[in-house]
file my_file.cif (mmCIF, C-alpha atoms)
data_run
#
loop_
_atom_site.group_PDB
_atom_site.id
_atom_site.type_symbol
_atom_site.label_atom_id
_atom_site.label_comp_id
_atom_site.auth_asym_id
_atom_site.auth_seq_id
_atom_site.Cartn_x
_atom_site.Cartn_y
_atom_site.Cartn_z
ATOM 1 C CA MET A 1397 7.671 9.893 -12.413
ATOM 2 C CA GLN A 1398 8.943 7.080 -14.566
ATOM 3 C CA SER A 1399 9.135 3.735 -12.791
ATOM 4 C CA THR A 1400 12.568 2.093 -13.015
ATOM 5 C CA THR A 1401 11.917 -1.290 -11.520
ATOM 6 C CA ARG A 1402 13.725 -3.710 -13.807
ATOM 7 C CA ARG A 1403 17.164 -5.071 -12.915
ATOM 8 C CA THR A 1404 18.215 -2.233 -10.614
ATOM 9 C CA PRO A 1405 19.320 -2.009 -6.977
ATOM 10 C CA THR A 1406 16.165 0.037 -6.398
ATOM 11 C CA ALA A 1407 14.062 -2.901 -7.547
ATOM 12 C CA ILE A 1408 15.835 -5.285 -5.183
ATOM 13 C CA LEU A 1409 15.394 -2.911 -2.265
ATOM 14 C CA ALA A 1410 11.761 -2.283 -3.102
ATOM 15 C CA ALA A 1411 11.043 -5.986 -3.426
ATOM 16 C CA ALA A 1412 12.620 -6.807 -0.082
ATOM 17 C CA SER A 1413 10.990 -3.821 1.582
ATOM 18 C CA ALA A 1414 7.557 -4.647 0.201
ATOM 19 C CA VAL A 1415 7.684 -8.199 1.533
ATOM 20 C CA VAL A 1416 8.883 -7.048 4.950
ATOM 21 C CA LEU A 1417 6.301 -4.292 4.937
ATOM 22 C CA THR A 1418 3.290 -6.397 4.069
ATOM 23 C CA SER A 1419 4.436 -9.266 6.297
ATOM 24 C CA SER A 1420 4.568 -6.751 9.126
ATOM 25 C CA LEU A 1421 1.095 -5.474 8.283
ATOM 26 C CA LEU A 1422 -0.271 -9.010 8.224
ATOM 27 C CA ALA A 1423 1.079 -9.485 11.743
ATOM 28 C CA LEU A 1424 0.252 -6.056 13.156
ATOM 29 C CA GLY A 1425 -2.933 -5.067 11.365
ATOM 30 C CA PRO A 1426 -5.425 -7.037 13.495
ATOM 31 C CA ALA A 1427 -3.810 -5.943 16.765
ATOM 32 C CA LEU A 1428 -3.781 -2.324 15.629
ATOM 33 C CA ALA A 1429 -7.413 -2.528 14.647
ATOM 34 C CA THR A 1430 -8.277 -4.095 17.989
ATOM 35 C CA SER A 1431 -6.606 -1.418 20.103
ATOM 36 C CA PRO A 1432 -5.707 1.656 18.008
ATOM 37 C CA GLY A 1433 -4.112 3.351 20.995
ATOM 38 C CA ARG A 1434 -2.019 0.398 22.175
ATOM 39 C CA ALA A 1435 0.176 -0.784 19.324
ATOM 40 C CA ALA A 1436 3.104 -1.116 21.718
ATOM 41 C CA GLU A 1437 1.251 -4.047 23.235
ATOM 42 C CA ALA A 1438 2.186 -6.436 20.441
ATOM 43 C CA ALA A 1439 0.594 -9.348 22.261
ATOM 44 C CA ALA A 1440 -2.867 -7.744 22.313
ATOM 45 C CA PRO A 1441 -5.707 -10.099 21.330
ATOM 46 C CA THR A 1442 -6.462 -9.997 17.617
ATOM 47 C CA LEU A 1443 -9.869 -9.583 16.051
ATOM 48 C CA GLU A 1444 -11.804 -12.633 15.074
ATOM 49 C CA ALA A 1445 -12.102 -13.210 11.338
ATOM 50 C CA ALA A 1446 -14.874 -11.284 9.615
ATOM 51 C CA PRO A 1447 -15.926 -13.447 6.640
ATOM 52 C CA SER A 1448 -16.809 -11.654 3.432
ATOM 53 C CA ALA A 1449 -19.892 -12.423 1.359
ATOM 54 C CA GLY A 1450 -17.759 -14.617 -0.906
ATOM 55 C CA CYS A 1451 -17.107 -17.282 1.725
ATOM 56 C CA GLY A 1452 -18.564 -20.514 0.427
ATOM 57 C CA SER A 1453 -17.766 -19.644 -3.181
ATOM 58 C CA GLU A 1454 -15.386 -22.105 -4.810
ATOM 59 C CA GLN A 1455 -12.274 -20.588 -6.406
ATOM 60 C CA THR A 1456 -9.398 -22.263 -8.229
ATOM 61 C CA PRO A 1457 -5.952 -21.388 -6.864
ATOM 62 C CA GLY A 1458 -3.653 -19.738 -9.373
ATOM 63 C CA ASN A 1459 -2.790 -16.469 -11.030
ATOM 64 C CA ASP A 1460 -5.219 -14.786 -13.411
ATOM 65 C CA GLU A 1461 -5.796 -11.509 -15.224
ATOM 66 C CA ARG A 1462 -9.317 -10.182 -14.818
ATOM 67 C CA THR A 1463 -11.430 -7.188 -15.812
ATOM 68 C CA ILE A 1464 -14.162 -5.258 -14.051
ATOM 69 C CA THR A 1465 -16.190 -2.224 -15.084
ATOM 70 C CA SER A 1466 -15.860 0.877 -12.927
ATOM 71 C CA ALA A 1467 -17.405 4.253 -13.713
ATOM 72 C CA GLY A 1468 -18.245 2.929 -17.172
ATOM 73 C CA GLU A 1469 -14.661 1.935 -17.976
ATOM 74 C CA ASP A 1470 -13.057 -1.505 -18.175
ATOM 75 C CA ARG A 1471 -10.258 -1.819 -15.615
ATOM 76 C CA THR A 1472 -7.811 -4.710 -15.372
ATOM 77 C CA TYR A 1473 -5.992 -6.403 -12.509
ATOM 78 C CA ARG A 1474 -4.109 -9.577 -11.647
ATOM 79 C CA ILE A 1475 -5.154 -11.794 -8.761
ATOM 80 C CA ASN A 1476 -3.194 -14.577 -7.113
ATOM 81 C CA ILE A 1477 -5.123 -17.149 -5.078
ATOM 82 C CA PRO A 1478 -2.766 -19.270 -2.930
ATOM 83 C CA ARG A 1479 -2.735 -23.042 -3.074
ATOM 84 C CA ASP A 1480 -4.067 -23.392 0.458
ATOM 85 C CA TYR A 1481 -7.132 -21.265 -0.256
ATOM 86 C CA GLU A 1482 -10.289 -22.801 1.197
ATOM 87 C CA GLU A 1483 -13.741 -21.524 0.339
ATOM 88 C CA SER A 1484 -14.830 -21.511 3.991
ATOM 89 C CA THR A 1485 -11.660 -20.055 5.568
ATOM 90 C CA PRO A 1486 -11.349 -16.246 5.390
ATOM 91 C CA MET A 1487 -7.924 -15.134 4.138
ATOM 92 C CA PRO A 1488 -6.137 -11.770 4.297
ATOM 93 C CA LEU A 1489 -6.312 -9.603 1.179
ATOM 94 C CA ILE A 1490 -3.425 -7.421 -0.031
ATOM 95 C CA LEU A 1491 -3.749 -4.871 -2.836
ATOM 96 C CA GLY A 1492 -0.423 -3.784 -4.384
ATOM 97 C CA PHE A 1493 -0.149 -0.618 -6.491
ATOM 98 C CA HIS A 1494 2.601 -0.128 -9.091
ATOM 99 C CA GLY A 1495 4.595 3.003 -9.894
ATOM 100 C CA ASN A 1496 4.099 5.402 -12.789
ATOM 101 C CA GLY A 1497 4.743 3.753 -16.157
ATOM 102 C CA SER A 1498 4.600 0.257 -14.702
ATOM 103 C CA ASP A 1499 1.681 -2.158 -14.305
ATOM 104 C CA GLY A 1500 0.265 -4.702 -11.894
ATOM 105 C CA ALA A 1501 2.012 -7.660 -13.496
ATOM 106 C CA GLU A 1502 5.435 -6.071 -13.090
ATOM 107 C CA LEU A 1503 4.816 -5.223 -9.432
ATOM 108 C CA GLN A 1504 3.592 -8.753 -8.835
ATOM 109 C CA ASN A 1505 6.686 -10.269 -10.425
ATOM 110 C CA TYR A 1506 9.373 -8.356 -8.580
ATOM 111 C CA THR A 1507 7.884 -8.009 -5.077
ATOM 112 C CA GLY A 1508 7.268 -11.649 -4.236
ATOM 113 C CA LEU A 1509 4.006 -10.667 -2.525
ATOM 114 C CA PRO A 1510 2.150 -13.722 -3.893
ATOM 115 C CA THR A 1511 4.301 -15.897 -1.605
ATOM 116 C CA LEU A 1512 2.521 -14.442 1.421
ATOM 117 C CA PRO A 1513 -0.381 -16.348 3.028
ATOM 118 C CA ALA A 1514 -3.001 -14.091 1.493
ATOM 119 C CA VAL A 1515 -5.035 -13.374 -1.618
ATOM 120 C CA THR A 1516 -2.958 -10.774 -3.474
ATOM 121 C CA VAL A 1517 -4.293 -8.376 -6.086
ATOM 122 C CA PHE A 1518 -2.324 -6.110 -8.445
ATOM 123 C CA PRO A 1519 -4.522 -3.540 -10.201
ATOM 124 C CA ASP A 1520 -3.476 -1.642 -13.318
ATOM 125 C CA GLY A 1521 -3.569 2.138 -13.313
ATOM 126 C CA ALA A 1522 -5.540 3.836 -16.068
ATOM 127 C CA LEU A 1523 -3.642 4.085 -19.353
ATOM 128 C CA ASP A 1524 -2.966 7.634 -20.572
ATOM 129 C CA ASP A 1525 -0.494 8.624 -23.290
ATOM 130 C CA GLY A 1526 1.075 5.171 -23.178
ATOM 131 C CA LYS A 1527 1.652 5.079 -19.399
ATOM 132 C CA ARG A 1528 -0.301 3.793 -16.442
ATOM 133 C CA SER A 1529 -0.508 5.910 -13.297
ATOM 134 C CA TRP A 1530 -2.575 6.506 -10.198
ATOM 135 C CA GLN A 1531 -4.599 9.307 -8.698
ATOM 136 C CA GLY A 1532 -2.547 11.501 -6.365
ATOM 137 C CA ALA A 1533 0.085 12.839 -8.784
ATOM 138 C CA PRO A 1534 0.190 15.772 -11.256
ATOM 139 C CA TYR A 1535 0.512 13.358 -14.201
ATOM 140 C CA ALA A 1536 -2.467 11.175 -13.185
ATOM 141 C CA SER A 1537 -4.902 10.241 -15.951
ATOM 142 C CA GLY A 1538 -7.918 11.836 -14.286
ATOM 143 C CA ALA A 1539 -9.622 8.494 -13.670
ATOM 144 C CA ASP A 1540 -11.500 8.049 -10.392
ATOM 145 C CA ASP A 1541 -9.127 5.440 -8.998
ATOM 146 C CA VAL A 1542 -10.648 5.581 -5.511
ATOM 147 C CA ARG A 1543 -13.962 4.524 -7.050
ATOM 148 C CA PHE A 1544 -12.165 1.783 -8.985
ATOM 149 C CA VAL A 1545 -10.582 0.375 -5.815
ATOM 150 C CA SER A 1546 -13.907 0.490 -3.993
ATOM 151 C CA ASP A 1547 -15.576 -1.383 -6.849
ATOM 152 C CA LEU A 1548 -12.684 -3.837 -6.991
ATOM 153 C CA LEU A 1549 -12.937 -4.565 -3.265
ATOM 154 C CA ASP A 1550 -16.679 -5.137 -3.630
ATOM 155 C CA SER A 1551 -16.063 -7.612 -6.432
ATOM 156 C CA ILE A 1552 -13.267 -9.549 -4.731
ATOM 157 C CA GLU A 1553 -15.010 -9.708 -1.365
ATOM 158 C CA ASP A 1554 -18.232 -10.901 -3.009
ATOM 159 C CA GLU A 1555 -16.502 -13.695 -4.932
ATOM 160 C CA HIS A 1556 -13.719 -14.833 -2.561
ATOM 161 C CA CYS A 1557 -13.510 -15.795 1.095
ATOM 162 C CA ILE A 1558 -11.776 -12.716 2.569
ATOM 163 C CA ASP A 1559 -11.244 -11.724 6.183
ATOM 164 C CA LEU A 1560 -12.579 -8.158 6.242
ATOM 165 C CA ASN A 1561 -10.480 -7.453 9.337
ATOM 166 C CA ARG A 1562 -7.285 -8.143 7.357
ATOM 167 C CA VAL A 1563 -7.431 -6.083 4.168
ATOM 168 C CA TYR A 1564 -4.250 -4.150 3.339
ATOM 169 C CA ALA A 1565 -2.968 -1.676 0.757
ATOM 170 C CA THR A 1566 0.676 -1.292 -0.216
ATOM 171 C CA GLY A 1567 2.400 0.496 -3.072
ATOM 172 C CA LYS A 1568 5.657 1.854 -4.455
ATOM 173 C CA SER A 1569 6.416 5.346 -5.770
ATOM 174 C CA ASN A 1570 3.286 6.713 -7.504
ATOM 175 C CA GLY A 1571 1.493 3.621 -6.198
ATOM 176 C CA GLY A 1572 2.632 4.592 -2.708
ATOM 177 C CA GLY A 1573 1.263 8.086 -3.197
ATOM 178 C CA PHE A 1574 -2.032 6.499 -4.206
ATOM 179 C CA VAL A 1575 -2.023 4.428 -1.013
ATOM 180 C CA SER A 1576 -1.864 7.792 0.762
ATOM 181 C CA VAL A 1577 -4.979 8.810 -1.187
ATOM 182 C CA LEU A 1578 -6.727 5.598 -0.117
ATOM 183 C CA ALA A 1579 -5.781 6.182 3.516
ATOM 184 C CA CYS A 1580 -7.374 9.616 3.244
ATOM 185 C CA HIS A 1581 -10.543 8.682 1.395
ATOM 186 C CA LEU A 1582 -11.144 4.921 1.720
ATOM 187 C CA ARG A 1583 -9.684 4.057 5.115
ATOM 188 C CA ASP A 1584 -12.826 2.249 6.283
ATOM 189 C CA ARG A 1585 -12.170 -0.514 3.728
ATOM 190 C CA PHE A 1586 -8.630 -1.292 4.924
ATOM 191 C CA SER A 1587 -6.988 -2.539 8.117
ATOM 192 C CA ALA A 1588 -3.567 -0.933 7.549
ATOM 193 C CA PHE A 1589 -1.497 0.835 4.907
ATOM 194 C CA GLY A 1590 2.150 0.392 3.914
ATOM 195 C CA ILE A 1591 4.238 2.396 1.458
ATOM 196 C CA VAL A 1592 7.681 1.958 -0.137
ATOM 197 C CA ALA A 1593 9.412 5.047 -1.598
ATOM 198 C CA GLY A 1594 6.146 6.947 -1.854
ATOM 199 C CA ALA A 1595 5.635 9.896 -4.221
ATOM 200 C CA TYR A 1596 3.843 12.267 -1.858
ATOM 201 C CA TYR A 1597 2.719 15.022 -4.189
ATOM 202 C CA PRO A 1598 0.194 17.529 -2.761
ATOM 203 C CA GLN A 1599 -2.544 15.710 -4.705
ATOM 204 C CA SER A 1600 -2.023 12.638 -2.516
ATOM 205 C CA THR A 1601 -3.345 14.405 0.590
ATOM 206 C CA ASN A 1602 -5.876 16.878 -0.853
ATOM 207 C CA GLY A 1603 -8.956 16.976 1.377
ATOM 208 C CA CYS A 1604 -7.494 14.426 3.784
ATOM 209 C CA ASP A 1605 -9.217 13.922 7.133
ATOM 210 C CA TYR A 1606 -6.673 13.022 9.817
ATOM 211 C CA SER A 1607 -9.191 12.796 12.642
ATOM 212 C CA GLU A 1608 -8.961 9.010 13.096
ATOM 213 C CA PRO A 1609 -5.960 6.862 14.117
ATOM 214 C CA THR A 1610 -4.794 4.994 11.013
ATOM 215 C CA PRO A 1611 -2.271 2.111 11.035
ATOM 216 C CA MET A 1612 0.483 3.318 8.689
ATOM 217 C CA LEU A 1613 3.984 2.095 7.802
ATOM 218 C CA ALA A 1614 6.303 4.033 5.475
ATOM 219 C CA ILE A 1615 9.691 2.919 4.133
ATOM 220 C CA HIS A 1616 11.787 5.563 2.378
ATOM 221 C CA GLY A 1617 15.537 5.806 1.783
ATOM 222 C CA THR A 1618 17.436 8.998 2.544
ATOM 223 C CA GLY A 1619 19.408 8.323 -0.637
ATOM 224 C CA ASP A 1620 16.331 8.369 -2.902
ATOM 225 C CA ALA A 1621 17.340 10.633 -5.807
ATOM 226 C CA THR A 1622 13.852 10.756 -7.340
ATOM 227 C CA MET A 1623 11.538 11.597 -4.439
ATOM 228 C CA HIS A 1624 13.903 13.087 -1.885
ATOM 229 C CA TYR A 1625 13.487 12.133 1.755
ATOM 230 C CA ASP A 1626 13.496 15.810 2.783
ATOM 231 C CA GLY A 1627 11.142 16.930 0.007
ATOM 232 C CA GLY A 1628 11.765 19.009 -3.100
ATOM 233 C CA GLU A 1629 10.298 19.895 -6.489
ATOM 234 C CA ARG A 1630 9.260 17.574 -9.307
ATOM 235 C CA GLN A 1631 6.696 17.587 -12.105
ATOM 236 C CA GLY A 1632 6.104 21.284 -11.430
ATOM 237 C CA GLU A 1633 5.021 20.555 -7.855
ATOM 238 C CA THR A 1634 6.643 21.122 -4.474
ATOM 239 C CA TYR A 1635 6.317 17.963 -2.425
ATOM 240 C CA PRO A 1636 6.890 17.525 1.335
ATOM 241 C CA GLY A 1637 9.573 15.553 3.099
ATOM 242 C CA VAL A 1638 8.615 12.115 4.349
ATOM 243 C CA ARG A 1639 8.614 13.215 7.991
ATOM 244 C CA ASP A 1640 6.378 16.199 7.167
ATOM 245 C CA TRP A 1641 4.006 13.938 5.225
ATOM 246 C CA ILE A 1642 3.676 11.405 8.031
ATOM 247 C CA GLU A 1643 3.410 13.951 10.848
ATOM 248 C CA PRO A 1644 -0.409 14.366 10.642
ATOM 249 C CA TRP A 1645 -0.850 10.585 10.754
ATOM 250 C CA ALA A 1646 1.388 10.443 13.813
ATOM 251 C CA GLU A 1647 -0.485 13.244 15.559
ATOM 252 C CA ALA A 1648 -3.862 11.649 14.799
ATOM 253 C CA SER A 1649 -2.613 8.493 16.492
ATOM 254 C CA ASP A 1650 -1.211 10.376 19.502
ATOM 255 C CA CYS A 1651 2.261 9.303 18.419
ATOM 256 C CA THR A 1652 4.726 11.537 20.260
ATOM 257 C CA ALA A 1653 7.986 9.668 20.817
ATOM 258 C CA THR A 1654 10.831 10.046 18.310
ATOM 259 C CA THR A 1655 13.822 7.720 18.214
ATOM 260 C CA GLU A 1656 16.822 8.363 15.977
ATOM 261 C CA ARG A 1657 19.212 5.614 15.032
ATOM 262 C CA ARG A 1658 22.245 6.038 12.799
ATOM 263 C CA VAL A 1659 22.524 3.260 10.241
ATOM 264 C CA GLY A 1660 25.482 2.820 7.912
ATOM 265 C CA LYS A 1661 27.139 0.169 5.818
ATOM 266 C CA ARG A 1662 28.202 -2.961 7.646
ATOM 267 C CA GLY A 1663 31.263 -2.210 9.743
ATOM 268 C CA SER A 1664 30.878 1.542 9.356
ATOM 269 C CA PRO A 1665 29.838 3.706 12.317
ATOM 270 C CA ASP A 1666 28.450 6.406 10.020
ATOM 271 C CA GLY A 1667 25.483 6.517 7.696
ATOM 272 C CA PRO A 1668 22.078 8.085 7.233
ATOM 273 C CA VAL A 1669 19.887 8.684 10.246
ATOM 274 C CA GLY A 1670 16.792 6.549 10.531
ATOM 275 C CA HIS A 1671 13.803 8.084 12.291
ATOM 276 C CA LEU A 1672 11.412 5.801 14.143
ATOM 277 C CA ARG A 1673 8.162 6.964 15.676
ATOM 278 C CA PRO A 1674 7.014 3.921 17.663
ATOM 279 C CA GLY A 1675 4.257 5.842 19.419
ATOM 280 C CA ARG A 1676 1.139 3.926 20.279
ATOM 281 C CA THR A 1677 0.017 2.878 16.834
ATOM 282 C CA GLY A 1678 3.246 1.692 15.254
ATOM 283 C CA LEU A 1679 3.659 4.462 12.710
#

call {"tool": "encode", "arguments": {"input": "my_file.cif", "output": "structure tokens"}}
result
Amino acid sequence: MQSTTRRTPTAILAAASAVVLTSSLLALGPALATSPGRAAEAAAPTLEAAPSAGCGSEQTPGNDERTITSAGEDRTYRINIPRDYEESTPMPLILGFHGNGSDGAELQNYTGLPTLPAVTVFPDGALDDGKRSWQGAPYASGADDVRFVSDLLDSIEDEHCIDLNRVYATGKSNGGGFVSVLACHLRDRFSAFGIVAGAYYPQSTNGCDYSEPTPMLAIHGTGDATMHYDGGERQGETYPGVRDWIEPWAEASDCTATTERRVGKRGSPDGPVGHLRPGRTGL
């Protein structure tokens, strides 16, 4: 799926959604981790900070491009360290994953995520036939991106002062599908997951274990003409609707209540139906 993020209404929506999404995760993640079955109790005590091995290591605030080696390959990413970073104060960490054909720098530029009070990291998917993509889609390069993210987390947490109880993954489109992969296969390294307009191909849930409650937030428009809200066919694959994709996560979290709210343009009583599953873990 080709990413179309420059100068489009989709980009504006995705940018706004991503900031709302990750801001929400920053607020909710610790409470969800503290009491997985009681997300409705928003005032629940939060976990104390869990300092990473990198606390005490001096870092210069700013935005840099860096490289690490994973599975014998050089992989690149951008990292933004906020101005108020202190070497002895654990900060949240957010990893943002771009869509197919995009890169970490582009996602960083249009989401505004670096304005959040956190260390933000924007990895680059593996380059194949001139495009970058992520594991979890039929056009993926074949790189072990789960291994790459695990290695990347090790590196960042060893060199920066990170709160291990506030580590989040968010992504758009193919990057959102990859966040689904991470929730399936690397959930123990993250506090919560958030997705905007995810591309939920079957590869994004292959071998997924839904046995544990997992804090998850998904934003998807019913008017999405690329990855349809109700599912469809693309890239030679049949992909599920958003509600079908999220159902196992909801069931694993004992999320049973469904609320429907009709949302339209301002002043209009009609519009697409929004489905909210508040449940007990805030899905």

call {"tool": "residues_around", "arguments": {"input": "my_file.cif", "residues": "Ser1529 (chain A)", "least_positions_apart": "3", "cutoff": "10 Å", "atoms": "all atoms listed in the file", "output": "VMD selection string"}}
result
chain A and resid 1397 to 1399 1493 to 1499 1520 to 1524 1532 to 1533 1535 to 1539 1541 1570 to 1571 1574

call {"tool": "atom_distance", "arguments": {"input": "my_file.cif", "atom1": "CA of Ser1453 (chain A)", "atom2": "CA of Val1563 (chain A)"}}
result
18.6 Å

call {"tool": "resolve_selection", "arguments": {"input": "my_file.cif", "expression": "the PyMOL selection byres ((chain A and resi 1456) around 12)", "output": "JSON list (two decimals) with C-alpha atoms, in the frame of the given file"}}
result
[["chain", "number", "residue", "atom", "x", "y", "z"],
["A", 1453, "SER", "CA", -17.77, -19.64, -3.18],
["A", 1454, "GLU", "CA", -15.39, -22.10, -4.81],
["A", 1455, "GLN", "CA", -12.27, -20.59, -6.41],
["A", 1457, "PRO", "CA", -5.95, -21.39, -6.86],
["A", 1458, "GLY", "CA", -3.65, -19.74, -9.37],
["A", 1459, "ASN", "CA", -2.79, -16.47, -11.03],
["A", 1460, "ASP", "CA", -5.22, -14.79, -13.41],
["A", 1475, "ILE", "CA", -5.15, -11.79, -8.76],
["A", 1476, "ASN", "CA", -3.19, -14.58, -7.11],
["A", 1477, "ILE", "CA", -5.12, -17.15, -5.08],
["A", 1478, "PRO", "CA", -2.77, -19.27, -2.93],
["A", 1479, "ARG", "CA", -2.74, -23.04, -3.07],
["A", 1480, "ASP", "CA", -4.07, -23.39, 0.46],
["A", 1481, "TYR", "CA", -7.13, -21.26, -0.26],
["A", 1482, "GLU", "CA", -10.29, -22.80, 1.20],
["A", 1483, "GLU", "CA", -13.74, -21.52, 0.34],
["A", 1515, "VAL", "CA", -5.04, -13.37, -1.62],
["A", 1555, "GLU", "CA", -16.50, -13.70, -4.93],
["A", 1556, "HIS", "CA", -13.72, -14.83, -2.56]]

call {"tool": "residues_near_point", "arguments": {"input": "my_file.cif", "point": "(3.1, 10.9, 5.2)", "cutoff": "9 Å", "atoms": "all atoms listed in the file", "output": "JSON, numbers by chain"}}
result
{"A": [1576, 1594, 1596, 1601, 1612, 1614, 1636, 1637, 1638, 1639, 1640, 1641, 1642, 1643, 1644, 1645, 1646]}

call {"tool": "closest_residue", "arguments": {"input": "my_file.cif", "among": "A:Leu1443, A:Leu1548, A:Leu1512, A:Ile1615", "to": "Arg1462 (chain A)", "atoms": "all atoms listed in the file"}}
result
A:Leu1548

call {"tool": "residues_around", "arguments": {"input": "my_file.cif", "residues": "Pro1488 (chain A)", "least_positions_apart": "3", "cutoff": "6 Å", "atoms": "all atoms listed in the file", "output": "ChimeraX atom specification"}}
result
/A:1514,1558-1559,1562-1563

call {"tool": "atom_distance", "arguments": {"input": "my_file.cif", "atom1": "CA of Leu1549 (chain A)", "atom2": "CA of Tyr1606 (chain A)"}}
result
22.8 Å

call {"tool": "resolve_selection", "arguments": {"input": "my_file.cif", "expression": "the PyMOL selection byres ((chain A and resi 1607) around 9)", "output": "VMD selection string"}}
result
chain A and resid 1605 to 1606 1608 to 1609 1645 1648 to 1649

call {"tool": "residues_around", "arguments": {"input": "my_file.cif", "residues": "Val1545 (chain A)", "least_positions_apart": "3", "cutoff": "10 Å", "atoms": "all atoms listed in the file", "output": "NGL selection string"}}
result
:A and (1466 or 1491 or 1519 or 1540-1542 or 1548-1551 or 1578 or 1582 or 1585)

call {"tool": "atom_distance", "arguments": {"input": "my_file.cif", "atom1": "CA of Leu1509 (chain A)", "atom2": "CA of Thr1618 (chain A)"}}
result
24.3 Å

call {"tool": "closest_residue", "arguments": {"input": "my_file.cif", "among": "A:Gln1504, A:Thr1465, A:Pro1611, A:Thr1634", "to": "Gly1492 (chain A)", "atoms": "only C-alpha atoms"}}
result
A:Gln1504

call {"tool": "resolve_selection", "arguments": {"input": "my_file.cif", "expression": "the PyMOL selection byres ((chain A and resi 1566) around 7)", "output": "ChimeraX atom specification"}}
result
/A:1491-1493,1564-1565,1567,1572,1575,1589-1591

call {"tool": "axis_aligned_box", "arguments": {"input": "my_file.cif", "around": "region 1484-1493 of chain A", "padding_each_side": "4 Å", "output": "JSON"}}
result
{"center_x": -7.5, "center_y": -11.1, "center_z": -0.5, "size_x": 22.7, "size_y": 28.9, "size_z": 20.1}

call {"tool": "closest_residue", "arguments": {"input": "my_file.cif", "among": "A:His1581, A:Lys1568, A:Arg1528, A:Arg1658", "to": "Leu1503 (chain A)", "atoms": "only C-alpha atoms"}}
result
A:Lys1568

call {"tool": "closest_residue", "arguments": {"input": "my_file.cif", "among": "A:Gly1603, A:Leu1560, A:Val1517, A:Trp1530", "to": "Thr1485 (chain A)", "atoms": "all atoms listed in the file"}}
result
A:Leu1560

call {"tool": "closest_residue", "arguments": {"input": "my_file.cif", "among": "A:Ile1552, A:Val1592, A:Leu1613, A:Ile1464", "to": "Ala1579 (chain A)", "atoms": "all atoms listed in the file"}}
result
A:Leu1613

call {"tool": "decode", "arguments": {"input": "my_file.cif", "residues": "region 1614-1632 of chain A", "atoms": "C-alpha atoms", "output": "mmCIF file, in the first residue's frame"}}
result
data_model
loop_
_atom_site.group_PDB
_atom_site.id
_atom_site.type_symbol
_atom_site.label_atom_id
_atom_site.label_comp_id
_atom_site.auth_asym_id
_atom_site.auth_seq_id
_atom_site.Cartn_x
_atom_site.Cartn_y
_atom_site.Cartn_z
ATOM 1 C CA ALA A 1614 -7.381 1.886 17.267
ATOM 2 C CA ILE A 1615 -8.491 4.878 15.185
ATOM 3 C CA HIS A 1616 -9.960 4.125 11.759
ATOM 4 C CA GLY A 1617 -12.309 6.131 9.539
ATOM 5 C CA THR A 1618 -15.361 4.525 7.965
ATOM 6 C CA GLY A 1619 -14.564 6.570 4.858
ATOM 7 C CA ASP A 1620 -11.091 5.049 4.392
ATOM 8 C CA ALA A 1621 -10.964 4.122 0.689
ATOM 9 C CA THR A 1622 -7.672 2.218 0.951
ATOM 10 C CA MET A 1623 -8.131 -0.125 3.913
ATOM 11 C CA HIS A 1624 -11.896 -0.293 4.275
ATOM 12 C CA TYR A 1625 -13.397 -0.181 7.749
ATOM 13 C CA ASP A 1626 -15.488 -3.289 7.011
ATOM 14 C CA GLY A 1627 -12.642 -5.214 5.368
ATOM 15 C CA GLY A 1628 -12.052 -6.186 1.753
ATOM 16 C CA GLU A 1629 -9.364 -7.343 -0.666
ATOM 17 C CA ARG A 1630 -6.032 -5.713 -1.469
ATOM 18 C CA GLN A 1631 -2.583 -6.853 -2.571
ATOM 19 C CA GLY A 1632 -4.054 -10.278 -3.334
#
